[in-house]
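Raw contents of entry_36.tsv, TSV, C-alpha atoms:
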chain	number	residue	atom	x	y	z
A	1	MET	CA	-12.55	52.49	206.59
A	2	GLN	CA	-9.03	53.42	207.57
A	3	ARG	CA	-9.84	52.99	211.27
A	4	LEU	CA	-11.34	49.58	210.55
A	5	TYR	CA	-8.29	48.58	208.55
A	6	ASP	CA	-5.95	49.71	211.32
A	7	PHE	CA	-8.03	47.81	213.89
A	8	LEU	CA	-7.85	44.61	211.84
A	9	ARG	CA	-4.08	44.97	211.46
A	10	ARG	CA	-3.67	45.36	215.23
A	11	HIS	CA	-5.74	42.21	215.95
A	12	PRO	CA	-4.67	39.52	213.44
A	13	THR	CA	-5.61	36.62	215.74
A	14	GLY	CA	-9.11	38.02	216.14
A	15	VAL	CA	-9.49	38.22	212.36
A	16	ASP	CA	-8.24	34.65	211.94
A	17	SER	CA	-10.59	33.45	214.67
A	18	PHE	CA	-13.52	35.04	212.86
A	19	TRP	CA	-12.67	33.17	209.64
A	20	ALA	CA	-12.16	29.97	211.63
A	21	VAL	CA	-15.69	30.24	213.05
A	22	PHE	CA	-17.02	31.04	209.59
A	23	LEU	CA	-15.25	27.99	208.11
A	24	PHE	CA	-16.53	25.77	210.91
A	25	GLY	CA	-20.10	26.84	210.19
A	26	ILE	CA	-19.72	26.26	206.44
A	27	SER	CA	-18.20	22.83	207.01
A	28	VAL	CA	-20.87	21.63	209.42
A	29	LEU	CA	-23.63	23.00	207.22
A	30	THR	CA	-22.20	21.29	204.15
A	31	VAL	CA	-21.97	17.91	205.88
A	32	ALA	CA	-25.53	18.24	207.19
A	33	VAL	CA	-26.88	19.09	203.73
A	34	GLN	CA	-25.05	16.16	202.15
A	35	GLU	CA	-26.42	13.72	204.77
A	36	GLU	CA	-29.98	14.97	204.34
A	37	GLY	CA	-29.67	14.65	200.58
A	38	GLY	CA	-28.62	11.04	200.91
A	39	GLN	CA	-25.62	11.49	198.63
A	40	ASP	CA	-23.33	8.48	198.30
A	41	LEU	CA	-20.00	10.11	199.12
A	42	PRO	CA	-16.71	8.39	200.08
A	43	GLY	CA	-15.48	8.34	203.64
A	44	ILE	CA	-17.09	8.39	207.05
A	45	ARG	CA	-19.76	11.09	207.40
A	46	SER	CA	-20.59	10.64	211.09
A	47	GLU	CA	-20.82	13.93	213.01
A	48	ALA	CA	-19.13	12.31	216.02
A	49	VAL	CA	-15.98	11.84	213.92
A	50	ILE	CA	-16.15	14.78	211.51
A	51	VAL	CA	-16.81	17.54	214.08
A	52	PRO	CA	-13.52	17.03	216.03
A	53	VAL	CA	-11.58	16.98	212.75
A	54	VAL	CA	-13.27	20.17	211.60
A	55	LEU	CA	-12.62	21.83	214.96
A	56	LEU	CA	-8.92	21.03	214.81
A	57	LEU	CA	-8.62	22.32	211.25
A	58	CYS	CA	-10.41	25.53	212.23
A	59	LEU	CA	-8.00	25.86	215.15
A	60	VAL	CA	-5.18	25.78	212.58
A	61	ILE	CA	-6.80	28.80	210.89
A	62	ALA	CA	-7.27	30.67	214.18
A	63	LEU	CA	-3.68	30.29	215.43
A	64	ARG	CA	-1.77	30.18	212.13
A	65	ARG	CA	-0.01	33.54	212.66
A	66	ARG	CA	0.76	33.01	216.34
A	67	MET	CA	2.46	29.63	215.92
A	68	PRO	CA	2.76	28.72	212.22
A	69	GLU	CA	5.16	25.78	212.66
A	70	LYS	CA	3.02	24.11	215.35
A	71	MET	CA	-0.15	24.62	213.34
A	72	LEU	CA	1.52	23.04	210.30
A	73	LEU	CA	2.37	19.95	212.35
A	74	LEU	CA	-1.21	19.88	213.71
A	75	ALA	CA	-2.63	20.08	210.18
A	76	ILE	CA	-0.36	17.24	209.06
A	77	GLY	CA	-1.49	15.15	212.04
A	78	VAL	CA	-5.16	15.81	211.30
A	79	GLY	CA	-4.62	14.92	207.64
A	80	LEU	CA	-2.96	11.63	208.54
A	81	ALA	CA	-5.84	10.87	210.94
A	82	GLN	CA	-8.32	11.50	208.12
A	83	LEU	CA	-6.46	9.05	205.89
A	84	VAL	CA	-6.19	6.35	208.56
A	85	LEU	CA	-9.75	6.72	209.91
A	86	ASP	CA	-11.25	7.28	206.46
A	87	VAL	CA	-12.80	10.59	207.52
A	88	ALA	CA	-14.33	12.39	204.55
A	89	THR	CA	-12.93	15.72	203.38
A	90	THR	CA	-14.92	18.87	204.11
A	91	ALA	CA	-14.67	22.59	203.51
A	92	ALA	CA	-12.46	22.75	206.62
A	93	ASN	CA	-9.68	21.05	204.63
A	94	PHE	CA	-9.16	24.48	203.03
A	95	ALA	CA	-7.02	25.05	206.14
A	96	PHE	CA	-4.23	23.08	204.41
A	97	LEU	CA	-3.95	25.73	201.70
A	98	VAL	CA	-3.96	28.53	204.28
A	99	ILE	CA	-1.28	27.00	206.50
A	100	VAL	CA	0.97	26.26	203.49
A	101	TYR	CA	0.79	29.95	202.51
A	102	THR	CA	1.33	31.14	206.11
A	103	VAL	CA	4.35	28.95	206.77
A	104	ALA	CA	5.92	29.91	203.45
A	105	ALA	CA	5.46	33.60	204.30
A	106	THR	CA	6.38	33.72	207.99
A	107	GLY	CA	7.52	30.31	209.21
A	108	ALA	CA	10.96	28.80	209.60
A	109	ARG	CA	12.74	27.56	206.49
A	110	TRP	CA	12.42	23.90	207.45
A	111	ALA	CA	8.70	24.37	207.98
A	112	SER	CA	8.35	26.11	204.61
A	113	ARG	CA	10.04	23.21	202.79
A	114	LEU	CA	7.94	20.68	204.71
A	115	ALA	CA	4.75	22.58	203.86
A	116	LEU	CA	5.63	22.55	200.14
A	117	ALA	CA	6.34	18.82	200.17
A	118	VAL	CA	3.20	17.92	202.11
A	119	GLY	CA	1.05	20.26	200.01
A	120	LEU	CA	2.21	18.69	196.75
A	121	CYS	CA	1.55	15.19	198.15
A	122	ALA	CA	-1.81	15.96	199.79
A	123	ALA	CA	-3.93	16.08	196.64
A	124	PRO	CA	-2.53	12.88	195.02
A	125	VAL	CA	-2.80	10.95	198.30
A	126	ALA	CA	-6.42	12.13	198.75
A	127	GLN	CA	-7.27	11.01	195.21
A	128	LEU	CA	-5.76	7.61	195.86
A	129	ARG	CA	-7.58	7.30	199.21
A	130	TRP	CA	-10.93	8.49	197.91
A	131	PRO	CA	-10.87	7.94	194.14
A	132	GLU	CA	-13.58	9.37	191.89
A	133	GLN	CA	-16.14	6.85	190.72
A	134	ASP	CA	-16.14	5.92	187.03
A	135	SER	CA	-12.89	7.82	186.44
A	136	SER	CA	-10.19	6.56	184.10
A	137	VAL	CA	-6.53	6.38	185.04
A	138	LEU	CA	-5.71	9.36	182.83
A	139	GLY	CA	-8.53	11.37	184.36
A	140	THR	CA	-7.37	10.51	187.86
A	141	VAL	CA	-3.82	11.64	187.04
A	142	ALA	CA	-5.10	14.87	185.52
A	143	LEU	CA	-7.24	15.50	188.59
A	144	MET	CA	-4.22	14.90	190.87
A	145	ILE	CA	-2.19	17.47	188.95
A	146	PHE	CA	-5.05	19.95	188.86
A	147	THR	CA	-5.69	19.73	192.62
A	148	SER	CA	-1.96	20.05	193.40
A	149	VAL	CA	-1.65	23.39	191.61
A	150	PRO	CA	-3.41	25.47	194.35
A	151	PHE	CA	-0.94	24.19	196.95
A	152	ALA	CA	2.02	25.10	194.75
A	153	LEU	CA	0.56	28.56	194.07
A	154	ALA	CA	-0.13	29.12	197.77
A	155	TRP	CA	3.49	28.27	198.62
A	156	VAL	CA	4.90	30.45	195.82
A	157	LEU	CA	2.74	33.38	196.93
A	158	GLY	CA	3.82	32.99	200.56
A	159	ASP	CA	7.49	32.68	199.67
A	160	SER	CA	7.32	35.80	197.47
A	161	ILE	CA	5.75	37.69	200.37
A	162	ARG	CA	8.62	36.53	202.60
A	163	THR	CA	11.19	37.71	200.02
A	164	ARG	CA	9.47	41.06	199.64
A	165	ARG	CA	9.37	41.63	203.39
A	166	ALA	CA	13.04	40.71	203.72
A	167	TYR	CA	13.86	43.14	200.90
A	168	TYR	CA	11.95	45.96	202.58
A	169	GLU	CA	13.60	45.20	205.93
A	170	GLN	CA	16.99	45.33	204.24
A	171	LEU	CA	16.10	48.67	202.65
A	172	GLU	CA	14.96	50.06	205.99
A	173	GLU	CA	18.13	48.83	207.70
A	174	ARG	CA	20.24	50.36	204.95
A	175	ALA	CA	18.35	53.65	205.16
A	176	THR	CA	18.85	53.73	208.93
A	177	ARG	CA	22.55	52.99	208.56
A	178	LEU	CA	22.96	55.66	205.87
A	179	GLU	CA	21.12	58.16	208.04
A	180	LYS	CA	23.48	57.46	210.93
A	181	GLU	CA	26.48	57.76	208.62
A	182	ARG	CA	25.11	61.01	207.21
A	183	GLU	CA	24.68	62.42	210.72
A	184	ALA	CA	28.24	61.38	211.60
A	185	GLN	CA	29.59	62.96	208.42
A	186	SER	CA	27.61	66.11	209.13
A	187	LYS	CA	29.14	66.34	212.61
A	188	VAL	CA	32.62	65.86	211.16
A	189	ALA	CA	31.94	68.51	208.51
A	190	VAL	CA	30.64	70.94	211.13
A	191	ALA	CA	33.71	70.37	213.30
A	192	ALA	CA	36.01	70.89	210.30
A	193	GLU	CA	34.17	74.06	209.32
A	194	ARG	CA	34.38	75.42	212.86
A	195	ALA	CA	38.11	74.69	212.93
A	196	ARG	CA	38.57	76.45	209.59
A	197	ILE	CA	36.65	79.52	210.74
A	198	ALA	CA	38.62	79.54	213.99
A	199	ARG	CA	41.89	79.53	212.03
A	200	GLU	CA	40.66	82.33	209.77
A	201	LEU	CA	39.51	84.44	212.72
A	202	HIS	CA	42.80	83.85	214.50
A	203	ASP	CA	44.78	85.02	211.49
A	204	VAL	CA	42.58	88.08	210.95
A	205	VAL	CA	42.53	89.13	214.60
A	206	ALA	CA	46.17	88.31	215.37
A	207	HIS	CA	47.56	90.24	212.42
A	208	ASN	CA	45.28	93.24	212.22
A	209	VAL	CA	44.96	93.84	215.94
A	210	SER	CA	48.74	93.52	216.28
A	211	VAL	CA	49.17	96.24	213.65
A	212	MET	CA	46.61	98.44	215.38
A	213	VAL	CA	48.29	98.03	218.77
A	214	VAL	CA	51.71	98.93	217.37
A	215	GLN	CA	50.34	101.96	215.55
A	216	ALA	CA	48.36	103.08	218.60
A	217	ASP	CA	51.48	102.88	220.80
A	218	GLY	CA	53.47	104.83	218.22
A	219	ALA	CA	50.78	107.48	217.89
A	220	ALA	CA	50.62	107.95	221.66
A	221	TYR	CA	54.43	108.28	221.78
A	222	VAL	CA	54.69	111.00	219.09
A	223	LEU	CA	51.32	112.69	219.63
A	224	ASP	CA	52.84	115.85	221.17
A	225	THR	CA	56.12	115.99	219.29
A	226	ALA	CA	55.07	114.86	215.79
A	227	PRO	CA	51.35	115.34	215.19
A	228	ASP	CA	51.69	114.42	211.49
A	229	GLN	CA	53.16	111.00	212.32
A	230	ALA	CA	50.46	110.46	214.91
A	231	LYS	CA	47.79	111.32	212.32
A	232	LYS	CA	49.33	108.90	209.85
A	233	ALA	CA	49.36	106.16	212.50
A	234	LEU	CA	45.69	106.78	213.28
A	235	GLU	CA	44.84	106.53	209.59
A	236	THR	CA	46.66	103.20	209.46
A	237	ILE	CA	44.68	102.03	212.48
A	238	SER	CA	41.43	103.06	210.77
A	239	SER	CA	42.21	101.29	207.47
A	240	THR	CA	43.46	98.19	209.28
A	241	GLY	CA	40.32	98.06	211.41
A	242	ARG	CA	38.10	98.34	208.35
A	243	GLN	CA	40.00	95.54	206.65
A	244	ALA	CA	39.65	93.35	209.75
A	245	LEU	CA	35.92	94.05	209.93
A	246	ALA	CA	35.49	93.20	206.26
A	247	GLU	CA	37.26	89.85	206.64
A	248	MET	CA	35.40	89.02	209.85
A	249	ARG	CA	32.11	89.91	208.16
A	250	ARG	CA	32.94	87.49	205.36
A	251	LEU	CA	33.85	84.72	207.79
A	252	LEU	CA	30.80	85.19	209.97
A	253	GLY	CA	28.62	85.33	206.89
A	254	VAL	CA	29.14	81.62	206.24
A	255	LEU	CA	27.39	80.95	209.54
A	256	ARG	CA	24.24	82.73	208.37
A	257	THR	CA	22.81	80.41	205.76
A	258	GLY	CA	20.29	82.13	203.55
A	259	GLU	CA	20.61	85.53	205.23
A	260	HIS	CA	21.66	88.68	203.38
A	261	GLN	CA	24.31	90.64	205.15
A	262	GLU	CA	23.56	94.34	205.33
A	263	GLY	CA	26.23	96.74	204.22
A	264	GLY	CA	27.23	95.25	200.85
A	265	GLU	CA	28.98	92.18	199.53
A	266	TYR	CA	31.63	90.15	201.32
A	267	VAL	CA	35.26	90.65	200.39
A	268	PRO	CA	36.99	87.80	198.51
A	269	GLN	CA	39.42	85.48	200.26
A	270	PRO	CA	43.02	86.69	200.31
A	271	ASP	CA	45.33	85.33	197.60
A	272	VAL	CA	49.01	85.43	196.66
A	273	GLU	CA	48.72	88.80	194.91
A	274	GLN	CA	47.64	90.42	198.18
A	275	ILE	CA	50.87	89.38	199.91
A	276	ASP	CA	52.45	92.54	198.48
A	277	ASP	CA	49.72	94.66	200.15
A	278	LEU	CA	50.33	92.76	203.38
A	279	VAL	CA	54.05	93.53	203.18
A	280	GLN	CA	53.34	97.20	202.51
A	281	GLN	CA	51.05	97.30	205.54
A	282	CYS	CA	53.80	95.83	207.72
A	283	ARG	CA	56.29	98.35	206.40
A	284	THR	CA	53.86	101.17	207.18
A	285	SER	CA	53.52	99.87	210.72
A	286	GLY	CA	57.30	100.10	211.18
A	287	LEU	CA	58.46	96.56	210.35
A	288	PRO	CA	61.06	96.47	207.53
A	289	VAL	CA	60.21	93.61	205.16
A	290	ASP	CA	62.14	92.52	202.08
A	291	PHE	CA	59.80	90.81	199.59
A	292	LYS	CA	60.88	88.93	196.46
A	293	VAL	CA	59.11	86.67	193.99
A	294	GLU	CA	61.10	84.06	192.09
A	295	GLY	CA	59.90	82.03	189.15
A	296	THR	CA	56.97	82.73	186.83
A	297	PRO	CA	53.76	83.73	188.63
A	298	ARG	CA	50.69	81.85	187.45
A	299	PRO	CA	47.16	81.09	188.70
A	300	LEU	CA	47.06	78.73	191.68
A	301	PRO	CA	44.33	76.73	193.38
A	302	SER	CA	42.35	78.93	195.78
A	303	GLY	CA	43.27	76.72	198.75
A	304	VAL	CA	46.99	77.07	198.02
A	305	GLU	CA	46.74	80.84	197.59
A	306	LEU	CA	44.84	81.30	200.86
A	307	THR	CA	47.30	79.03	202.71
A	308	ALA	CA	50.29	80.95	201.36
A	309	TYR	CA	48.79	84.29	202.35
A	310	ARG	CA	47.92	83.12	205.87
A	311	ILE	CA	51.38	81.64	206.45
A	312	VAL	CA	53.07	84.92	205.51
A	313	GLN	CA	50.56	86.87	207.60
A	314	GLU	CA	51.07	84.68	210.68
A	315	ALA	CA	54.87	84.70	210.28
A	316	LEU	CA	55.04	88.51	210.07
A	317	THR	CA	52.65	88.81	213.01
A	318	ASN	CA	54.94	86.59	215.09
A	319	THR	CA	57.92	88.70	214.04
A	320	ARG	CA	56.13	91.84	215.20
A	321	LYS	CA	55.19	90.18	218.50
A	322	HIS	CA	58.44	88.45	219.36
A	323	GLY	CA	61.14	90.04	217.21
A	324	GLY	CA	61.74	92.97	219.49
A	325	PRO	CA	62.81	96.47	218.45
A	326	ASN	CA	64.74	97.00	215.20
A	327	ALA	CA	63.72	93.57	213.91
A	328	GLY	CA	63.45	93.02	210.16
A	329	ALA	CA	61.98	90.27	208.03
A	330	SER	CA	62.28	88.84	204.53
A	331	VAL	CA	59.67	87.01	202.46
A	332	ARG	CA	60.51	84.79	199.49
A	333	LEU	CA	57.83	83.42	197.20
A	334	VAL	CA	59.16	80.81	194.76
A	335	TYR	CA	57.14	79.27	191.89
A	336	PHE	CA	58.31	75.74	191.07
A	337	ASP	CA	56.96	73.54	188.29
A	338	ASP	CA	55.07	71.37	190.76
A	339	GLY	CA	54.73	73.55	193.81
A	340	LEU	CA	54.89	76.89	195.55
A	341	GLY	CA	57.69	77.58	198.02
A	342	LEU	CA	57.56	80.05	200.90
A	343	LEU	CA	60.44	81.27	203.03
A	344	VAL	CA	59.87	83.83	205.81
A	345	GLU	CA	62.81	84.81	208.02
A	346	ASP	CA	63.43	87.50	210.63
A	347	ASP	CA	66.51	88.68	212.50
A	348	GLY	CA	64.84	89.59	215.77
A	349	LYS	CA	65.68	88.31	219.18
A	350	GLY	CA	62.78	85.85	218.81
A	351	ALA	CA	61.05	83.80	221.45
A	352	PRO	CA	61.48	80.18	222.58
A	353	HIS	CA	60.27	77.71	219.93
A	354	GLU	CA	57.80	76.22	222.40
A	355	LEU	CA	56.20	79.63	222.75
A	356	TYR	CA	55.50	79.75	219.02
A	357	GLU	CA	54.06	76.25	219.11
A	358	ASP	CA	51.80	77.13	222.01
A	359	GLY	CA	50.48	80.14	220.22
A	360	GLY	CA	52.33	83.28	221.23
A	361	ALA	CA	53.27	85.24	224.28
A	362	ASP	CA	49.76	85.70	225.45
A	363	GLY	CA	49.05	81.99	225.22
A	364	GLU	CA	45.80	82.68	223.45
A	365	GLY	CA	46.67	82.14	219.76
A	366	HIS	CA	47.50	79.03	217.81
A	367	GLY	CA	50.71	80.09	216.05
A	368	LEU	CA	52.52	77.33	214.23
A	369	ILE	CA	49.76	74.84	215.02
A	370	GLY	CA	47.41	76.70	212.69
A	371	MET	CA	50.13	76.93	210.02
A	372	ARG	CA	50.74	73.19	210.11
A	373	GLU	CA	47.01	72.49	209.87
A	374	ARG	CA	46.66	74.74	206.84
A	375	VAL	CA	49.67	73.23	205.08
A	376	GLY	CA	48.46	69.72	205.86
A	377	MET	CA	45.06	70.46	204.31
A	378	VAL	CA	46.68	71.13	200.91
A	379	GLY	CA	49.14	68.22	201.24
A	380	GLY	CA	52.24	70.34	201.80
A	381	THR	CA	55.11	70.39	204.28
A	382	LEU	CA	56.24	73.03	206.76
A	383	ASP	CA	59.51	73.49	208.61
A	384	ALA	CA	59.86	76.12	211.35
A	385	GLY	CA	62.54	76.86	213.89
A	386	PRO	CA	65.17	79.32	215.15
A	387	ARG	CA	67.88	80.52	212.78
A	388	PRO	CA	71.57	80.10	213.62
A	389	GLY	CA	72.73	83.38	215.13
A	390	GLY	CA	69.23	84.58	216.05
A	391	GLY	CA	65.87	85.07	214.48
A	392	PHE	CA	63.30	82.63	213.22
A	393	ARG	CA	62.70	80.84	209.92
A	394	ILE	CA	59.51	79.39	208.44
A	395	SER	CA	59.76	77.34	205.26
A	396	ALA	CA	56.81	75.76	203.47
A	397	LEU	CA	56.26	73.82	200.26
A	398	LEU	CA	52.75	73.70	198.85
A	399	PRO	CA	52.20	71.15	196.04
A	400	LEU	CA	50.19	72.15	192.97
A	401	LYS	CA	47.83	69.36	192.07
A	402	PRO	CA	46.97	69.20	188.36
A	403	ALA	CA	43.37	69.96	187.48
A	404	HIS	CA	41.21	66.98	186.43
Target encoding structure tokens, full file:
Amino acid sequence: MQRLYDFLRRHPTGVDSFWAVFLFGISVLTVAVQEEGGQDLPGIRSEAVIVPVVLLLCLVIALRRRMPEKMLLLAIGVGLAQLVLDVATTAANFAFLVIVYTVAATGARWASRLALAVGLCAAPVAQLRWPEQDSSVLGTVALMIFTSVPFALAWVLGDSIRTRRAYYEQLEERATRLEKEREAQSKVAVAAERARIARELHDVVAHNVSVMVVQADGAAYVLDTAPDQAKKALETISSTGRQALAEMRRLLGVLRTGEHQEGGEYVPQPDVEQIDDLVQQCRTSGLPVDFKVEGTPRPLPSGVELTAYRIVQEALTNTRKHGGPNAGASVRLVYFDDGLGLLVEDDGKGAPHELYEDGGADGEGHGLIGMRERVGMVGGTLDAGPRPGGGFRISALLPLKPAH
């Protein structure tokens, strides 16, 4: 049955042609039976006149979906010819109902309005042209109204089908548009996530590897003369490497949706409280750092805490890279009522400001560019540049948005 239904849907003109032939046969048979029965019916009943009319009305049925407006005009022309030539109505006049429905459902708007007007006038005009014998005026009026109802219902049904199709087309168009927007948003989200992971990896690698390189150079320098210092440097390298692996494992874990990472849970994201550990690690690696907290510490949004930690980490990494020997740094963390302030300064020889912007001496990092992106994501401001008399200063203000 499904194959038959699909076949009929693919060949609508063939289906309409079948019903046209069927209607033609019914009409001719009805006229022949009425003539043989000798019934006294109104209108001309000659086959020479009726057959062409029936053929044209059946043609309206056959081609109604291919050219609905033209078939409506043909039906109107045939109806007018019947009125003028006094050709009797037959079963083929059912084509008027069909074409009214078709034009209302699929035809142009002007054709739909014309079909409604002609359909409502067809039945009264037919009753006036071929009135019922022995019928009162009230009965004739009632019959006009009764025979006009099918045309009105056919038009209403066709127009409702048109509205329903338009509604479904609008829904499909909206669904397609939303799907395209969703794909675009997904691409934007993926790009943003990749940029975030890239910043995180840069901060992890730049800081921890820098510490490991400094410690490795120091260990190699004092390996023969001070084995204890060399051992301590190697232990620092080991702990720093483990910390870097833990953070990288956490970052890479977000790329493995649904997978369980072997080797335990991921470490949490760094926060403001871990800045003290970061400073201690820098001091252990040989970089003197003065760290002070001003104001009353309190819980902060996770995005602000991570941004603050990464700014301090990147600033101290740049000091280690570009500050030169005997460089020192200071970190100030200030809690305001409506924000968190950061001030990181060093007294090293520094490097050209353009070098920081481009990402470091090796040209491979992202330096201040990553800092500005992080600060911008939380709606803050960042100011960075050389200090008068030497060194470098990084100042940032991170706003604290009230919770809703």
List as an MDAnalysis selection string the protein and nucleic acid residues near A:Leu97, meaning an atom at most 9 Å away when all atoms listed in the file are counted, but skip any in the same chain fewer than 4 places from it. chainID A and resid 93 101:102 119 150:151 154:155
Give me, as a ChimeraX atom specification, all polymer residues having an atom no more than 6 Å from stretch 280-292 of chain A, counting only C-alpha atoms and skipping those fewer than 6 positions away in the same chain. /A:328-332
What is the distance between atom CA of A:Asp346 and atom CA of A:Gly218, in Å to one decimal?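 Value for the atom CA of A:Asp346-atom CA of A:Gly218 distance: 21.4 Å.
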Proximity to A:Gly376 - best of A:Val279, A:Leu157, A:Ala117, A:Ala396, only C-alpha atoms: A:Ala396
Atom CA of A:Arg199 and atom CA of A:Leu342, how far apart in Å?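 Going from atom CA of A:Leu342 over to atom CA of A:Arg199 covers 19.2 Å.
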Give the answer as one residue: which of A:Ile76, A:Val84, A:Val103, A:Ala175 has the shortest atom-to-atom distance to A:Val118, using only C-alpha atoms?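 That would be A:Ile76, the residue with the smallest distance to A:Val118.
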Which value, in Å to one decimal, gives the distance between atom CA of A:Lys232 and atom CA of A:Met212?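 Pair atom CA of A:Lys232 / atom CA of A:Met212 returns 12.1 Å.
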Which polymer residues have any atom within 12 Å of an atom of A:Tyr5, counting only C-alpha atoms, with same-chain residues fewer than 6 positions away left out, as a ChimeraX atom specification? /A:11-12,15
Create the file for the chosen residues now, containing C-alpha atoms and written as an mmCIF file, keeping the file's coordinate frame.
data_model
loop_
_atom_site.group_PDB
_atom_site.id
_atom_site.type_symbol
_atom_site.label_atom_id
_atom_site.label_comp_id
_atom_site.auth_asym_id
_atom_site.auth_seq_id
_atom_site.Cartn_x
_atom_site.Cartn_y
_atom_site.Cartn_z
ATOM 1 C CA HIS A 11 -5.740 42.210 215.950
ATOM 2 C CA PRO A 12 -4.670 39.520 213.440
ATOM 3 C CA VAL A 15 -9.490 38.220 212.360
#
Nearest residue to A:Pro68 from the set A:Thr106, A:Gln185, A:Ser210, A:Thr13 (distances using all atoms listed in the file):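 Ranked by minimum distance to A:Pro68, first place goes to A:Thr106.
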